[in-house]
file work.pdb (PDB, C-alpha atoms and all ligand atoms)
ATOM      1  CA  MET A 642      26.846   2.095  21.690  1.00  0.00           C
ATOM      2  CA  ASN A 643      24.638   1.308  18.740  1.00  0.00           C
ATOM      3  CA  HIS A 644      22.561   4.423  18.101  1.00  0.00           C
ATOM      4  CA  TRP A 645      19.703   2.521  16.485  1.00  0.00           C
ATOM      5  CA  LEU A 646      19.457   0.111  19.417  1.00  0.00           C
ATOM      6  CA  GLU A 647      19.686   2.884  22.015  1.00  0.00           C
ATOM      7  CA  THR A 648      16.940   4.885  20.301  1.00  0.00           C
ATOM      8  CA  SER A 649      14.689   1.826  20.154  1.00  0.00           C
ATOM      9  CA  LYS A 650      15.230   1.120  23.864  1.00  0.00           C
ATOM     10  CA  ARG A 651      14.483   4.709  24.785  1.00  0.00           C
ATOM     11  CA  ASN A 652      11.184   4.606  22.868  1.00  0.00           C
ATOM     12  CA  LEU A 653      10.013   1.125  23.818  1.00  0.00           C
ATOM     13  CA  ILE A 654      10.730   0.740  27.526  1.00  0.00           C
ATOM     14  CA  PRO A 655       8.500   3.642  28.749  1.00  0.00           C
ATOM     15  CA  LEU A 656       5.574   2.132  26.804  1.00  0.00           C
ATOM     16  CA  SER A 657       6.133  -1.366  28.202  1.00  0.00           C
ATOM     17  CA  ILE A 658       5.675  -3.010  31.604  1.00  0.00           C
ATOM     18  CA  ALA A 659       9.014  -4.806  31.838  1.00  0.00           C
ATOM     19  CA  GLY A 660      12.115  -2.795  32.654  1.00  0.00           C
ATOM     20  CA  SER A 661      14.550  -4.692  30.439  1.00  0.00           C
ATOM     21  CA  PHE A 662      14.495  -4.199  26.692  1.00  0.00           C
ATOM     22  CA  GLU A 663      14.422  -7.919  25.830  1.00  0.00           C
ATOM     23  CA  ASP A 664      11.481  -8.605  28.153  1.00  0.00           C
ATOM     24  CA  ALA A 665       9.731  -5.456  27.003  1.00  0.00           C
ATOM     25  CA  LEU A 666      10.004  -6.626  23.360  1.00  0.00           C
ATOM     26  CA  SER A 667       8.195  -9.878  24.247  1.00  0.00           C
ATOM     27  CA  GLU A 668       5.130  -7.867  25.265  1.00  0.00           C
ATOM     28  CA  TRP A 669       4.621  -6.648  21.702  1.00  0.00           C
ATOM     29  CA  ILE A 670       2.773  -8.274  18.809  1.00  0.00           C
ATOM     30  CA  PHE A 671       2.288  -7.333  15.175  1.00  0.00           C
ATOM     31  CA  THR A 672      -1.449  -6.588  14.782  1.00  0.00           C
ATOM     32  CA  GLY A 673      -1.646  -7.271  11.039  1.00  0.00           C
ATOM     33  CA  ASN A 674      -2.405  -3.607  10.335  1.00  0.00           C
ATOM     34  CA  VAL A 675      -0.293  -1.765   7.787  1.00  0.00           C
ATOM     35  CA  LEU A 676      -0.647   1.910   6.906  1.00  0.00           C
ATOM     36  CA  SER A 677       0.475   3.393   3.602  1.00  0.00           C
ATOM     37  CA  TYR A 678       1.142   7.034   2.819  1.00  0.00           C
ATOM     38  CA  GLU A 679       1.317   9.461  -0.077  1.00  0.00           C
ATOM     39  CA  ASP A 680       4.713   9.713  -1.724  1.00  0.00           C
ATOM     40  CA  ASP A 681       5.582  13.082  -0.245  1.00  0.00           C
ATOM     41  CA  GLU A 682       4.672  12.305   3.370  1.00  0.00           C
ATOM     42  CA  GLU A 683       7.449  11.950   5.900  1.00  0.00           C
ATOM     43  CA  VAL A 684       7.032   8.640   7.682  1.00  0.00           C
ATOM     44  CA  GLN A 685       9.131   7.779  10.706  1.00  0.00           C
ATOM     45  CA  CYS A 686       9.549   4.553  12.652  1.00  0.00           C
ATOM     46  CA  GLN A 687       8.303   5.218  16.195  1.00  0.00           C
ATOM     47  CA  LEU A 688      10.779   2.696  17.530  1.00  0.00           C
ATOM     48  CA  CYS A 689      14.186   3.447  15.948  1.00  0.00           C
ATOM     49  CA  GLU A 690      13.144   6.855  14.516  1.00  0.00           C
ATOM     50  CA  HIS A 691      14.368   5.915  11.059  1.00  0.00           C
ATOM     51  CA  LEU A 692      12.840   8.212   8.417  1.00  0.00           C
ATOM     52  CA  ASP A 693      11.564   7.710   4.875  1.00  0.00           C
ATOM     53  CA  LEU A 694       9.461   4.631   5.493  1.00  0.00           C
ATOM     54  CA  ALA A 695       6.980   3.712   2.789  1.00  0.00           C
ATOM     55  CA  TYR A 696       4.705   1.914   5.267  1.00  0.00           C
ATOM     56  CA  HIS A 697       3.935   1.712   8.939  1.00  0.00           C
ATOM     57  CA  PHE A 698       3.396  -1.685  10.554  1.00  0.00           C
ATOM     58  CA  GLU A 699       1.371  -1.561  13.755  1.00  0.00           C
ATOM     59  CA  ILE A 700       2.542  -3.327  16.892  1.00  0.00           C
ATOM     60  CA  ASN A 701       0.509  -3.558  20.070  1.00  0.00           C
ATOM     61  CA  ASN A 702       1.538  -4.205  23.663  1.00  0.00           C
ATOM     62  CA  LYS A 703      -0.631  -7.094  24.846  1.00  0.00           C
ATOM     63  CA  LEU A 704      -0.276  -6.058  28.511  1.00  0.00           C
ATOM     64  CA  ASN A 705      -1.211  -2.375  28.370  1.00  0.00           C
ATOM     65  CA  ASN A 706      -2.739  -2.095  24.866  1.00  0.00           C
ATOM     66  CA  LYS A 707      -0.376   0.663  23.747  1.00  0.00           C
ATOM     67  CA  THR A 708       0.479   0.792  20.048  1.00  0.00           C
ATOM     68  CA  LEU A 709       3.498   1.831  18.015  1.00  0.00           C
ATOM     69  CA  LEU A 710       3.838   2.352  14.264  1.00  0.00           C
ATOM     70  CA  VAL A 711       7.137   0.969  13.105  1.00  0.00           C
ATOM     71  CA  GLY A 712       9.076  -0.116  10.029  1.00  0.00           C
ATOM     72  CA  SER A 713       9.024  -3.767   8.980  1.00  0.00           C
ATOM     73  CA  SER A 714      12.810  -3.982   9.421  1.00  0.00           C
ATOM     74  CA  CYS A 715      12.483  -3.249  13.138  1.00  0.00           C
ATOM     75  CA  ILE A 716       9.972  -6.087  13.558  1.00  0.00           C
ATOM     76  CA  LEU A 717      12.332  -8.401  11.695  1.00  0.00           C
ATOM     77  CA  ARG A 718      15.423  -7.342  13.624  1.00  0.00           C
ATOM     78  CA  PHE A 719      13.741  -7.534  17.021  1.00  0.00           C
ATOM     79  CA  ASP A 720      12.525 -11.088  16.707  1.00  0.00           C
ATOM     80  CA  ARG A 721      10.931 -11.099  20.152  1.00  0.00           C
ATOM     81  CA  ILE A 722       8.118  -9.016  18.680  1.00  0.00           C
ATOM     82  CA  LEU A 723       5.515 -11.649  17.926  1.00  0.00           C
ATOM     83  CA  VAL A 724       4.450 -12.156  14.324  1.00  0.00           C
ATOM     84  CA  SER A 725       1.666 -14.680  13.724  1.00  0.00           C
ATOM     85  CA  ASP A 726       0.158 -16.077  10.559  1.00  0.00           C
ATOM     86  CA  LYS A 727      -3.509 -15.488   9.710  1.00  0.00           C
ATOM     87  CA  ASN A 728      -4.532 -18.476  11.845  1.00  0.00           C
ATOM     88  CA  GLY A 729      -2.752 -17.109  14.869  1.00  0.00           C
ATOM     89  CA  ASN A 730       0.256 -19.448  14.777  1.00  0.00           C
ATOM     90  CA  ALA A 731       3.450 -17.765  15.918  1.00  0.00           C
ATOM     91  CA  LEU A 732       6.156 -17.527  13.250  1.00  0.00           C
ATOM     92  CA  TYR A 733       9.798 -17.778  14.249  1.00  0.00           C
ATOM     93  CA  ALA A 734      11.844 -18.196  11.085  1.00  0.00           C
ATOM     94  CA  TYR A 735      13.051 -14.934   9.570  1.00  0.00           C
ATOM     95  CA  GLU A 736      11.729 -15.775   6.085  1.00  0.00           C
ATOM     96  CA  GLN A 737       8.301 -16.717   7.421  1.00  0.00           C
ATOM     97  CA  ARG A 738       8.053 -13.541   9.457  1.00  0.00           C
ATOM     98  CA  LYS A 739       9.140 -11.521   6.438  1.00  0.00           C
ATOM     99  CA  SER A 740       6.571 -13.182   4.137  1.00  0.00           C
ATOM    100  CA  ARG A 741       3.827 -12.525   6.662  1.00  0.00           C
ATOM    101  CA  LEU A 742       4.708  -8.813   6.815  1.00  0.00           C
ATOM    102  CA  ASP A 743       4.760  -8.681   2.998  1.00  0.00           C
ATOM    103  CA  GLU A 744       1.410 -10.426   2.872  1.00  0.00           C
ATOM    104  CA  ALA A 745      -0.088  -7.963   5.371  1.00  0.00           C
ATOM    105  CA  ARG A 746       1.258  -5.068   3.316  1.00  0.00           C
ATOM    106  CA  LYS A 747      -0.255  -6.467   0.119  1.00  0.00           C
ATOM    107  CA  ASP A 748      -3.599  -7.070   1.852  1.00  0.00           C
ATOM    108  CA  GLN A 749      -3.573  -3.487   3.029  1.00  0.00           C
ATOM    109  CA  ILE A 750      -2.868  -2.119  -0.433  1.00  0.00           C
ATOM    110  CA  ARG A 751      -5.613  -4.252  -1.933  1.00  0.00           C
ATOM    111  CA  GLU A 752      -8.044  -2.998   0.682  1.00  0.00           C
ATOM    112  CA  GLN A 753      -7.044   0.605   0.001  1.00  0.00           C
ATOM    113  CA  THR A 754      -7.593   0.171  -3.724  1.00  0.00           C
ATOM    114  CA  LEU A 755     -10.946  -1.569  -3.244  1.00  0.00           C
ATOM    115  CA  GLU A 756     -12.438   0.863  -0.744  1.00  0.00           C
ATOM    116  CA  PRO A 757     -12.808   3.782  -3.232  1.00  0.00           C
ATOM    117  CA  LEU A 758     -14.426   1.353  -5.693  1.00  0.00           C
ATOM    118  CA  ARG A 759     -16.958   0.304  -3.076  1.00  0.00           C
ATOM    119  CA  LEU A 760     -17.716   3.946  -2.425  1.00  0.00           C
ATOM    120  CA  LEU A 761     -18.046   4.532  -6.159  1.00  0.00           C
ATOM    121  CA  TRP A 762     -20.392   1.566  -6.466  1.00  0.00           C
ATOM    122  CA  ARG A 763     -22.652   3.044  -3.772  1.00  0.00           C
ATOM    123  CA  HIS A 764     -22.680   6.357  -5.685  1.00  0.00           C
ATOM    124  CA  VAL A 765     -23.717   4.745  -8.972  1.00  0.00           C
ATOM    125  CA  LYS A 766     -25.831   1.794  -7.878  1.00  0.00           C
ATOM    126  CA  GLN A 767     -28.992   3.319  -9.430  1.00  0.00           C
ATOM    127  CA  ASP A 768     -27.294   3.045 -12.804  1.00  0.00           C
ATOM    128  CA  GLU A 769     -27.345  -0.705 -13.344  1.00  0.00           C
ATOM    129  CA  ASN A 770     -24.868  -0.847 -16.206  1.00  0.00           C
ATOM    130  CA  LEU A 771     -22.333   1.359 -14.544  1.00  0.00           C
ATOM    131  CA  ALA A 772     -22.739  -0.413 -11.206  1.00  0.00           C
ATOM    132  CA  ALA A 773     -22.149  -3.758 -12.924  1.00  0.00           C
ATOM    133  CA  HIS A 774     -19.049  -2.353 -14.637  1.00  0.00           C
ATOM    134  CA  ILE A 775     -17.650  -1.145 -11.308  1.00  0.00           C
ATOM    135  CA  GLU A 776     -18.451  -4.446  -9.643  1.00  0.00           C
ATOM    136  CA  ARG A 777     -16.698  -6.373 -12.415  1.00  0.00           C
ATOM    137  CA  ASN A 778     -13.610  -4.244 -12.013  1.00  0.00           C
ATOM    138  CA  ALA A 779     -13.614  -4.547  -8.230  1.00  0.00           C
ATOM    139  CA  LYS A 780     -13.732  -8.340  -8.584  1.00  0.00           C
ATOM    140  CA  LEU A 781     -10.925  -8.305 -11.127  1.00  0.00           C
ATOM    141  CA  LEU A 782      -8.833  -6.054  -8.920  1.00  0.00           C
ATOM    142  CA  LYS A 783      -9.407  -8.312  -5.942  1.00  0.00           C
ATOM    143  CA  LYS A 784      -8.484 -11.404  -7.932  1.00  0.00           C
ATOM    144  CA  GLU A 785      -5.612 -10.139 -10.091  1.00  0.00           C
ATOM    145  CA  GLY A 786      -4.371  -7.144  -8.137  1.00  0.00           C
ATOM    146  CA  SER A 787      -4.368  -5.074 -11.335  1.00  0.00           C
ATOM    147  CA  LEU A 788      -6.665  -3.729 -14.071  1.00  0.00           C
ATOM    148  CA  PRO A 789      -6.228  -3.344 -17.833  1.00  0.00           C
ATOM    149  CA  PRO A 790      -5.501   0.291 -18.803  1.00  0.00           C
ATOM    150  CA  ALA A 791      -8.911   1.134 -20.295  1.00  0.00           C
ATOM    151  CA  ASP A 792     -10.755  -0.220 -17.262  1.00  0.00           C
ATOM    152  CA  LEU A 793      -8.415   1.534 -14.874  1.00  0.00           C
ATOM    153  CA  LEU A 794      -8.994   4.771 -16.765  1.00  0.00           C
ATOM    154  CA  SER A 795     -12.769   4.466 -16.647  1.00  0.00           C
ATOM    155  CA  VAL A 796     -12.732   3.694 -12.926  1.00  0.00           C
ATOM    156  CA  PHE A 797     -10.396   6.621 -12.182  1.00  0.00           C
ATOM    157  CA  LYS A 798     -12.562   8.948 -14.299  1.00  0.00           C
ATOM    158  CA  GLU A 799     -15.759   7.932 -12.515  1.00  0.00           C
ATOM    159  CA  MET A 800     -14.119   8.405  -9.111  1.00  0.00           C
ATOM    160  CA  LYS A 801     -12.622  11.743 -10.060  1.00  0.00           C
ATOM    161  CA  MET A 802     -15.956  12.985 -11.378  1.00  0.00           C
ATOM    162  CA  ARG A 803     -17.582  12.200  -8.035  1.00  0.00           C
ATOM    163  CA  GLY A 804     -14.794  13.576  -5.876  1.00  0.00           C
ATOM    164  CA  ILE A 805     -13.896  10.139  -4.478  1.00  0.00           C
ATOM    165  CA  ASN A 806     -10.342  10.090  -3.157  1.00  0.00           C
ATOM    166  CA  TYR A 807      -8.018   7.370  -4.372  1.00  0.00           C
ATOM    167  CA  GLN A 808      -4.268   6.922  -4.494  1.00  0.00           C
ATOM    168  CA  ALA A 809      -3.322   6.190  -8.092  1.00  0.00           C
ATOM    169  CA  HIS A 810       0.107   4.863  -7.164  1.00  0.00           C
ATOM    170  CA  LEU A 811      -1.419   1.995  -5.146  1.00  0.00           C
ATOM    171  CA  TYR A 812      -3.143   0.599  -8.236  1.00  0.00           C
ATOM    172  CA  LYS A 813      -1.426  -1.561 -10.814  1.00  0.00           C
ATOM    173  CA  VAL A 814      -2.031  -1.504 -14.522  1.00  0.00           C
ATOM    174  CA  ASN A 815      -2.058  -4.840 -16.324  1.00  0.00           C
ATOM    175  CA  LEU A 816      -0.213  -4.560 -19.653  1.00  0.00           C
ATOM    176  CA  ARG A 817       0.235  -8.246 -20.334  1.00  0.00           C
ATOM    177  CA  VAL A 818      -2.565  -8.428 -22.912  1.00  0.00           C
ATOM    178  CA  TYR A 819      -1.583  -6.998 -26.286  1.00  0.00           C
ATOM    179  CA  TYR A 820      -4.960  -5.595 -27.360  1.00  0.00           C
ATOM    180  CA  GLU A 821      -5.237  -3.833 -24.024  1.00  0.00           C
ATOM    181  CA  VAL A 822      -1.853  -2.211 -24.620  1.00  0.00           C
ATOM    182  CA  LEU A 823      -3.118  -1.031 -28.028  1.00  0.00           C
ATOM    183  CA  LYS A 824      -5.831   0.918 -26.230  1.00  0.00           C
ATOM    184  CA  LEU A 825      -3.122   2.905 -24.486  1.00  0.00           C
ATOM    185  CA  GLU A 826      -2.061   4.366 -27.812  1.00  0.00           C
ATOM    186  CA  LYS A 827      -5.536   5.708 -28.439  1.00  0.00           C
ATOM    187  CA  MET A 828      -5.701   7.530 -25.132  1.00  0.00           C
ATOM    188  CA  SER A 829      -5.486  11.318 -24.916  1.00  0.00           C
ATOM    189  CA  PRO A 830      -2.614  12.962 -22.992  1.00  0.00           C
ATOM    190  CA  ASP A 831      -5.055  13.796 -20.196  1.00  0.00           C
ATOM    191  CA  ASP A 832      -6.227  10.200 -19.974  1.00  0.00           C
ATOM    192  CA  LEU A 833      -2.660   8.908 -19.945  1.00  0.00           C
ATOM    193  CA  ARG A 834      -1.776  11.347 -17.190  1.00  0.00           C
ATOM    194  CA  LEU A 835      -4.686  10.107 -15.136  1.00  0.00           C
ATOM    195  CA  ILE A 836      -3.439   6.510 -15.104  1.00  0.00           C
ATOM    196  CA  LYS A 837       0.296   7.228 -15.170  1.00  0.00           C
ATOM    197  CA  GLY A 838       0.567   6.896 -11.378  1.00  0.00           C
ATOM    198  CA  ALA A 839      -0.411   3.238 -11.634  1.00  0.00           C
ATOM    199  CA  PHE A 840       2.511   2.404 -13.938  1.00  0.00           C
ATOM    200  CA  SER A 841       5.497   0.675 -12.381  1.00  0.00           C
ATOM    201  CA  THR A 842       8.967   2.112 -12.988  1.00  0.00           C
ATOM    202  CA  GLN A 843       9.565  -0.694 -15.463  1.00  0.00           C
ATOM    203  CA  GLN A 844       6.310  -0.068 -17.317  1.00  0.00           C
ATOM    204  CA  LEU A 845       7.056   3.666 -17.468  1.00  0.00           C
ATOM    205  CA  LYS A 846      10.426   2.921 -18.977  1.00  0.00           C
ATOM    206  CA  ARG A 847       8.976   0.557 -21.528  1.00  0.00           C
ATOM    207  CA  TYR A 848       6.167   2.896 -22.592  1.00  0.00           C
ATOM    208  CA  GLN A 849       8.119   6.104 -22.153  1.00  0.00           C
ATOM    209  CA  SER A 850       7.593   7.141 -25.788  1.00  0.00           C
ATOM    210  CA  LEU A 851       3.856   7.090 -25.269  1.00  0.00           C
ATOM    211  CA  PHE A 852       4.086   9.696 -22.554  1.00  0.00           C
ATOM    212  CA  GLU A 853       6.649  11.749 -24.468  1.00  0.00           C
ATOM    213  CA  THR A 854       4.974  11.964 -27.853  1.00  0.00           C
ATOM    214  CA  LYS A 855       1.609  12.533 -26.240  1.00  0.00           C
ATOM    215  CA  ARG A 856       2.894  15.297 -24.030  1.00  0.00           C
ATOM    216  CA  ASP A 857       0.944  18.441 -24.794  1.00  0.00           C
ATOM    217  CA  GLY A 858       3.396  21.140 -23.764  1.00  0.00           C
ATOM    218  CA  ASN A 859       2.630  21.097 -20.073  1.00  0.00           C
ATOM    219  CA  SER A 860       5.589  20.042 -18.036  1.00  0.00           C
ATOM    220  CA  PRO A 861       5.099  16.623 -16.472  1.00  0.00           C
ATOM    221  CA  ARG A 862       4.464  16.462 -12.757  1.00  0.00           C
ATOM    222  CA  LYS A 863       7.564  16.254 -10.534  1.00  0.00           C
TER     223      LYS A 863
HETATM  224 ZN    ZN B   1      12.566   1.163  13.119  1.00  0.00          ZN
END
call {"tool": "encode", "arguments": {"input": "work.pdb", "output": "structure tokens"}}
result
Amino acid sequence: MNHWLETSKRNLIPLSIAGSFEDALSEWIFTGNVLSYEDDEEVQCQLCEHLDLAYHFEINNKLNNKTLLVGSSCILRFDRILVSDKNGNALYAYEQRKSRLDEARKDQIREQTLEPLRLLWRHVKQDENLAAHIERNAKLLKKEGSLPPADLLSVFKEMKMRGINYQAHLYKVNLRVYYEVLKLEKMSPDDLRLIKGAFSTQQLKRYQSLFETKRDGNSPRK
């Protein structure tokens, strides 16, 4: 017997009304909620028990209101789990279901990057200039999904100074504009370290020399 399928049955049936796995699956819907975690957290699918997930997708049983946090691949494989678009229309095609899960994941990340900025804005709102700067960056982040390096650095610094928690790796740094990239070269090793988490693997590779020549003797993290 398929281990993955057996594990999923064992976990799902007790939380469902129906006694058969196929009918039980039809009771479940994707809620639209996605949870992300720090890199070093162990994240397991509550359905198939697969480890090392980067995200949890929440499914809810519409009959008894129970919830499970599962991997996106389980939702895609078990296509009786209902996935709807933002208007509530059920999606049946694999690609459509997959895009919707991706969209929900991106929405979640954007929300998680914006929330610390909102908190920061509330901290600094007495300071008009700074508040306007934060607001500008929040709008840019919402629109583009990324910030130029100097802006990202200033936002991270302000949050750090005020003890506001943020996950650097969820942010993206925009290096498409040349004069913004030039600003990277003027940054101190400490500043570079602060924004390094927001670099993609590709960006890190491309700007590797920057991090190497600027290294100040401390061993890099990890
Ligand atoms: Zn799973």
call {"tool": "closest_residue", "arguments": {"input": "work.pdb", "among": "A:Asn728, A:Gln749, A:Asn815, A:Gln685", "to": "ligand ZN 1 (chain B)", "atoms": "all atoms listed in the file"}}
result
A:Gln685
call {"tool": "atom_distance", "arguments": {"input": "work.pdb", "atom1": "atom CA of Glu663 of chain A", "atom2": "atom CA of Lys650 of chain A"}}
result
9.3 Å
call {"tool": "closest_atom_pairs", "arguments": {"input": "work.pdb", "of": "chain A", "to": "ligand ZN 1 (chain B)", "cutoff": "10 Å", "atoms": "only C-alpha atoms and all ligand atoms", "output": "JSON lines"}}
result
{"residue": "A:Trp645", "atom": "CA", "partner": "B:ZN1", "partner_atom": "ZN", "distance": 8.0}
{"residue": "A:Leu646", "atom": "CA", "partner": "B:ZN1", "partner_atom": "ZN", "distance": 9.4}
{"residue": "A:Thr648", "atom": "CA", "partner": "B:ZN1", "partner_atom": "ZN", "distance": 9.2}
{"residue": "A:Ser649", "atom": "CA", "partner": "B:ZN1", "partner_atom": "ZN", "distance": 7.4}
{"residue": "A:Gln685", "atom": "CA", "partner": "B:ZN1", "partner_atom": "ZN", "distance": 7.8}
{"residue": "A:Cys686", "atom": "CA", "partner": "B:ZN1", "partner_atom": "ZN", "distance": 4.6}
{"residue": "A:Gln687", "atom": "CA", "partner": "B:ZN1", "partner_atom": "ZN", "distance": 6.6}
{"residue": "A:Leu688", "atom": "CA", "partner": "B:ZN1", "partner_atom": "ZN", "distance": 5.0}
{"residue": "A:Cys689", "atom": "CA", "partner": "B:ZN1", "partner_atom": "ZN", "distance": 4.0}
{"residue": "A:Glu690", "atom": "CA", "partner": "B:ZN1", "partner_atom": "ZN", "distance": 5.9}
{"residue": "A:His691", "atom": "CA", "partner": "B:ZN1", "partner_atom": "ZN", "distance": 5.5}
{"residue": "A:Leu692", "atom": "CA", "partner": "B:ZN1", "partner_atom": "ZN", "distance": 8.5}
{"residue": "A:Leu694", "atom": "CA", "partner": "B:ZN1", "partner_atom": "ZN", "distance": 8.9}
{"residue": "A:His697", "atom": "CA", "partner": "B:ZN1", "partner_atom": "ZN", "distance": 9.6}
{"residue": "A:Phe698", "atom": "CA", "partner": "B:ZN1", "partner_atom": "ZN", "distance": 9.9}
{"residue": "A:Leu710", "atom": "CA", "partner": "B:ZN1", "partner_atom": "ZN", "distance": 8.9}
{"residue": "A:Val711", "atom": "CA", "partner": "B:ZN1", "partner_atom": "ZN", "distance": 5.4}
{"residue": "A:Gly712", "atom": "CA", "partner": "B:ZN1", "partner_atom": "ZN", "distance": 4.8}
{"residue": "A:Ser713", "atom": "CA", "partner": "B:ZN1", "partner_atom": "ZN", "distance": 7.3}
{"residue": "A:Ser714", "atom": "CA", "partner": "B:ZN1", "partner_atom": "ZN", "distance": 6.3}
{"residue": "A:Cys715", "atom": "CA", "partner": "B:ZN1", "partner_atom": "ZN", "distance": 4.4}
{"residue": "A:Ile716", "atom": "CA", "partner": "B:ZN1", "partner_atom": "ZN", "distance": 7.7}
{"residue": "A:Leu717", "atom": "CA", "partner": "B:ZN1", "partner_atom": "ZN", "distance": 9.7}
{"residue": "A:Arg718", "atom": "CA", "partner": "B:ZN1", "partner_atom": "ZN", "distance": 9.0}
{"residue": "A:Phe719", "atom": "CA", "partner": "B:ZN1", "partner_atom": "ZN", "distance": 9.6}
call {"tool": "resolve_selection", "arguments": {"input": "work.pdb", "expression": "the PyMOL selection byres (((chain A and resi 831-845) around 12) and not hetatm)", "output": "VMD selection string"}}
result
chain A and resid 679 to 680 754 786 to 801 807 to 817 822 824 to 830 846 to 863
call {"tool": "resolve_selection", "arguments": {"input": "work.pdb", "expression": "the PyMOL selection byres (((chain A and resi 763) around 12) and not hetatm)", "output": "list in words"}}
result
Glu756, Pro757, Leu758, Arg759, Leu760, Leu761, Trp762, His764, Val765, Lys766, Gln767, Asp768, Glu769, Leu771, Ala772, Ala773, Ile775, Glu776, Met800, Arg803 and Ile805 of chain A
call {"tool": "closest_residue", "arguments": {"input": "work.pdb", "among": "A:Pro655, A:Gly660, A:Gly729, A:Gly673", "to": "Lys707 of chain A", "atoms": "only C-alpha atoms"}}
result
A:Pro655
call {"tool": "atom_distance", "arguments": {"input": "work.pdb", "atom1": "atom CA of Asn643 of chain A", "atom2": "atom CA of Arg738 of chain A"}}
result
24.1 Å
call {"tool": "decode", "arguments": {"input": "work.pdb", "residues": "segment 765-782 of chain A", "atoms": "C-alpha atoms", "output": "tab-separated table (two decimals), in the first residue's frame"}}
result
chain	number	residue	atom	x	y	z
A	765	VAL	CA	6.99	57.12	13.87
A	766	LYS	CA	3.81	58.91	12.83
A	767	GLN	CA	4.70	61.99	14.94
A	768	ASP	CA	7.73	62.45	12.71
A	769	GLU	CA	6.09	63.60	9.49
A	770	ASN	CA	9.07	63.13	7.20
A	771	LEU	CA	9.89	59.69	8.45
A	772	ALA	CA	6.24	58.63	8.42
A	773	ALA	CA	5.95	59.79	4.80
A	774	HIS	CA	9.11	57.86	3.91
A	775	ILE	CA	7.72	54.68	5.47
A	776	GLU	CA	4.38	55.16	3.77
A	777	ARG	CA	6.06	55.62	0.39
A	778	ASN	CA	8.00	52.42	0.86
A	779	ALA	CA	4.95	50.48	2.01
A	780	LYS	CA	3.12	51.58	-1.15
A	781	LEU	CA	6.07	50.64	-3.33
A	782	LEU	CA	6.35	47.26	-1.64
